[in-house]
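One file, input_15.csv, carrying CSV, C-alpha atoms:
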chain,number,residue,atom,x,y,z
A,1,MET,CA,10.8,7.8,47.6
A,2,LYS,CA,12.9,5.6,45.4
A,3,LYS,CA,14.3,7.0,42.1
A,4,VAL,CA,13.4,5.2,38.9
A,5,LYS,CA,16.5,4.0,37.1
A,6,PRO,CA,17.3,5.4,33.7
A,7,LEU,CA,17.7,1.9,32.2
A,8,PHE,CA,14.2,1.0,33.3
A,9,ILE,CA,12.8,4.1,31.7
A,10,LEU,CA,14.7,3.4,28.4
A,11,LEU,CA,13.5,-0.2,28.3
A,12,THR,CA,9.9,0.9,28.9
A,13,ILE,CA,10.1,3.5,26.1
A,14,LEU,CA,11.6,0.9,23.7
A,15,LEU,CA,8.9,-1.6,24.6
A,16,PHE,CA,6.1,0.9,24.1
A,17,THR,CA,7.6,2.0,20.8
A,18,PHE,CA,7.9,-1.6,19.6
A,19,LEU,CA,4.3,-2.4,20.5
A,20,VAL,CA,2.9,0.8,18.9
A,21,SER,CA,5.0,0.1,15.7
A,22,LYS,CA,3.9,-3.6,15.6
A,23,TYR,CA,0.2,-3.2,16.3
A,24,CYS,CA,-0.9,0.4,15.7
A,25,TYR,CA,1.2,2.8,13.6
A,26,GLN,CA,4.4,2.6,11.7
A,27,LEU,CA,6.5,5.0,9.8
A,28,CYS,CA,7.2,4.1,6.2
A,29,LEU,CA,9.7,5.8,3.9
A,30,ILE,CA,8.5,6.0,0.2
A,31,HIS,CA,11.2,5.0,-2.2
A,32,GLY,CA,10.7,5.5,-5.9
A,33,LYS,CA,8.3,7.3,-8.3
A,34,SER,CA,5.5,4.8,-8.5
A,35,MET,CA,3.1,6.8,-6.4
A,36,GLU,CA,3.7,10.2,-7.8
A,37,PRO,CA,2.1,12.7,-7.6
A,38,THR,CA,0.4,11.5,-4.4
A,39,TYR,CA,3.6,10.5,-2.7
A,40,HIS,CA,7.2,11.4,-3.6
A,41,SER,CA,10.4,9.5,-3.2
A,42,TRP,CA,12.0,9.9,0.3
A,43,GLN,CA,8.6,11.1,1.8
A,44,LEU,CA,7.8,9.7,5.2
A,45,THR,CA,4.2,8.4,5.7
A,46,LEU,CA,2.4,7.0,8.7
A,47,ILE,CA,0.8,3.5,8.3
A,48,ASP,CA,-2.3,2.8,10.3
A,49,LYS,CA,-2.2,-0.9,11.1
A,50,ARG,CA,-5.6,-0.8,12.9
A,51,ALA,CA,-7.6,-0.1,9.7
A,52,ASP,CA,-10.3,-2.4,8.4
A,53,ALA,CA,-10.2,-4.2,5.1
A,54,PRO,CA,-9.2,-1.6,2.4
A,55,LYS,CA,-11.7,-0.3,-0.1
A,56,ALA,CA,-11.1,0.7,-3.7
A,57,GLY,CA,-9.1,4.0,-3.7
A,58,THR,CA,-7.3,3.3,-0.4
A,59,VAL,CA,-3.5,3.5,-0.3
A,60,VAL,CA,-1.9,0.5,1.4
A,61,ALA,CA,1.5,-0.7,2.3
A,62,VAL,CA,2.1,-4.4,1.6
A,63,ARG,CA,5.1,-6.8,1.8
A,64,CYS,CA,6.3,-7.7,-1.7
A,65,ASN,CA,8.4,-10.9,-1.7
A,66,ALA,CA,9.6,-10.4,-5.3
A,67,LEU,CA,11.2,-7.0,-4.4
A,68,ASN,CA,12.0,-8.0,-0.8
A,69,ALA,CA,10.4,-4.8,0.4
A,70,VAL,CA,7.3,-3.1,1.7
A,71,ILE,CA,5.6,-1.3,-1.2
A,72,VAL,CA,3.0,1.4,-1.2
A,73,LYS,CA,0.2,1.2,-3.8
A,74,ARG,CA,-3.5,2.0,-4.3
A,75,VAL,CA,-6.2,-0.6,-4.1
A,76,VAL,CA,-8.3,-0.5,-7.3
A,77,ALA,CA,-10.3,-3.7,-6.9
A,78,VAL,CA,-11.4,-5.8,-3.9
A,79,PRO,CA,-12.5,-9.4,-3.4
A,80,GLY,CA,-15.4,-10.3,-5.7
A,81,ASP,CA,-14.6,-7.6,-8.3
A,82,SER,CA,-13.7,-8.3,-11.9
A,83,LEU,CA,-11.3,-6.0,-13.7
A,84,ILE,CA,-9.6,-5.5,-17.1
A,85,ILE,CA,-7.4,-2.9,-18.6
A,86,LYS,CA,-8.7,-2.2,-22.1
A,87,ASP,CA,-7.3,0.4,-24.4
A,88,GLY,CA,-5.3,1.9,-21.5
A,89,ILE,CA,-8.3,2.3,-19.2
A,90,LEU,CA,-9.1,0.3,-16.1
A,91,TYR,CA,-12.6,-1.1,-15.9
A,92,VAL,CA,-13.8,-2.7,-12.6
A,93,ASN,CA,-17.1,-4.6,-12.8
A,94,GLY,CA,-17.7,-3.4,-16.3
A,95,THR,CA,-17.4,0.4,-15.6
A,96,LYS,CA,-14.5,2.8,-15.7
A,97,SER,CA,-12.7,2.8,-12.3
A,98,THR,CA,-13.2,5.8,-10.1
A,99,ALA,CA,-10.5,4.6,-7.6
A,100,ILE,CA,-7.7,6.2,-9.8
A,101,SER,CA,-7.1,9.4,-11.5
A,102,PRO,CA,-9.4,10.0,-14.6
A,103,ALA,CA,-6.2,10.9,-16.5
A,104,ALA,CA,-4.6,7.5,-15.7
A,105,TYR,CA,-3.6,5.6,-18.9
A,106,TYR,CA,-2.1,2.1,-18.7
A,107,GLN,CA,0.1,1.6,-21.7
A,108,ASN,CA,1.1,-1.8,-20.3
A,109,ALA,CA,-1.9,-3.8,-19.1
A,110,GLY,CA,0.2,-6.7,-18.0
A,111,ILE,CA,-1.9,-9.6,-16.7
A,112,ALA,CA,-5.0,-7.3,-16.7
A,113,ALA,CA,-5.1,-7.4,-20.5
A,114,ASN,CA,-7.6,-10.3,-19.8
A,115,ILE,CA,-10.5,-10.2,-17.3
A,116,ILE,CA,-9.4,-11.0,-13.8
A,117,HIS,CA,-11.9,-12.2,-11.2
A,118,LEU,CA,-10.6,-11.5,-7.7
A,119,LYS,CA,-11.2,-14.3,-5.1
A,120,GLU,CA,-11.7,-13.9,-1.4
A,121,SER,CA,-8.9,-12.0,0.2
A,122,GLU,CA,-7.4,-10.9,-3.2
A,123,TYR,CA,-6.9,-7.3,-4.0
A,124,PHE,CA,-5.6,-5.6,-7.2
A,125,LEU,CA,-3.1,-2.8,-6.5
A,126,LEU,CA,-1.7,-0.2,-8.9
A,127,GLY,CA,0.8,2.7,-8.5
A,128,ASP,CA,-0.5,6.2,-9.2
A,129,ASN,CA,2.3,6.7,-11.7
A,130,CYS,CA,1.4,3.8,-14.0
A,131,ALA,CA,4.5,4.1,-16.2
A,132,GLU,CA,6.9,3.8,-13.2
A,133,SER,CA,5.0,1.2,-11.1
A,134,ILE,CA,5.7,-2.4,-10.4
A,135,ASP,CA,2.3,-3.6,-9.2
A,136,SER,CA,-0.4,-6.2,-9.6
A,137,ARG,CA,-0.2,-6.0,-13.4
A,138,SER,CA,3.3,-7.5,-13.1
A,139,GLU,CA,2.3,-10.5,-11.0

Spell out the structure here as structure tokens.
Amino acid sequence: MKKVKPLFILLTILLFTFLVSKYCYQLCLIHGKSMEPTYHSWQLTLIDKRADAPKAGTVVAVRCNALNAVIVKRVVAVPGDSLIIKDGILYVNGTKSTAISPAAYYQNAGIAANIIHLKESEYFLLGDNCAESIDSRSE
């Protein structure tokens, strides 16, 4: 029986790792305080790339061109929703949002100071640590 060459085994492992990372799961290193207390800086998380469209309350990782990085945030509103941050409180479709902590207070409403109507394939993302987060309010 012929021995399998170590180079072939290494290339097979690398190809398998690449395919899993590209299409199934990927490690993500959290950097910064924007998702505290849920996630902390330098914490490793596993991203499931096979998931369906996110629902309100789901934590997602998205590419942010402005920061030239992948950021981790919480979905608070989905396509078809209307939202506003009024007196520091997030309202989605006219009611106080349950996708975030009841203690969340948004001193800076940013663009959400006025009603926003999300179109198809638009999501509104916020960091759990509202004072430290660069998120959809900053658009």

- prompt: Between A:Ser136, A:Asn65, A:Gln26, A:Asn93, which has the minimum distance to A:Ile115 (counting only C-alpha atoms)?
  reply: A:Asn93

query: Which of these residues is nearest to A:Val72, using all atoms listed in the file: A:Ala109, A:Ala51, A:Ala104, A:Leu125?
result: A:Leu125

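Taking atom CA of A:Cys64 as the reference point, atom CA of A:Glu120 is found at 19.0 Å.
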
message: Calculated over only C-alpha atoms, which of the candidates A:Ile100, A:Ala53, A:Met35, A:Ala77 has the smallest distance to A:Tyr123?
response: A:Ala77

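The two atoms in question, atom CA of A:Ile116 and atom CA of A:Ile30, are spaced 28.4 Å apart.
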
field: Residue among A:Pro37, A:Pro102, A:Asp135, A:Ile9 lying closest to A:Val75, counting all atoms listed in the file
entry: A:Asp135

field: Residues near A:Ser121, cut-off 12 Å, all atoms listed in the file, skip fewer than 5 positions along chain, as an MDAnalysis selection string
entry: chainID A and resid 53:54 77:81

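Of the listed residues A:Asn114, A:Lys73, A:Lys5, A:Lys22, the one whose atoms come nearest to A:Leu90 is A:Asn114, with distances taken using only C-alpha atoms.
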
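Computed from the coordinates, the atom CA of A:Gly88 to atom CA of A:Arg137 distance equals 12.4 Å.
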
message: Taking all atoms listed in the file into account, name the residue in A:Gln43, A:Thr58, A:Ser82, A:Ser133 that is nearest to A:Leu27.
response: A:Gln43
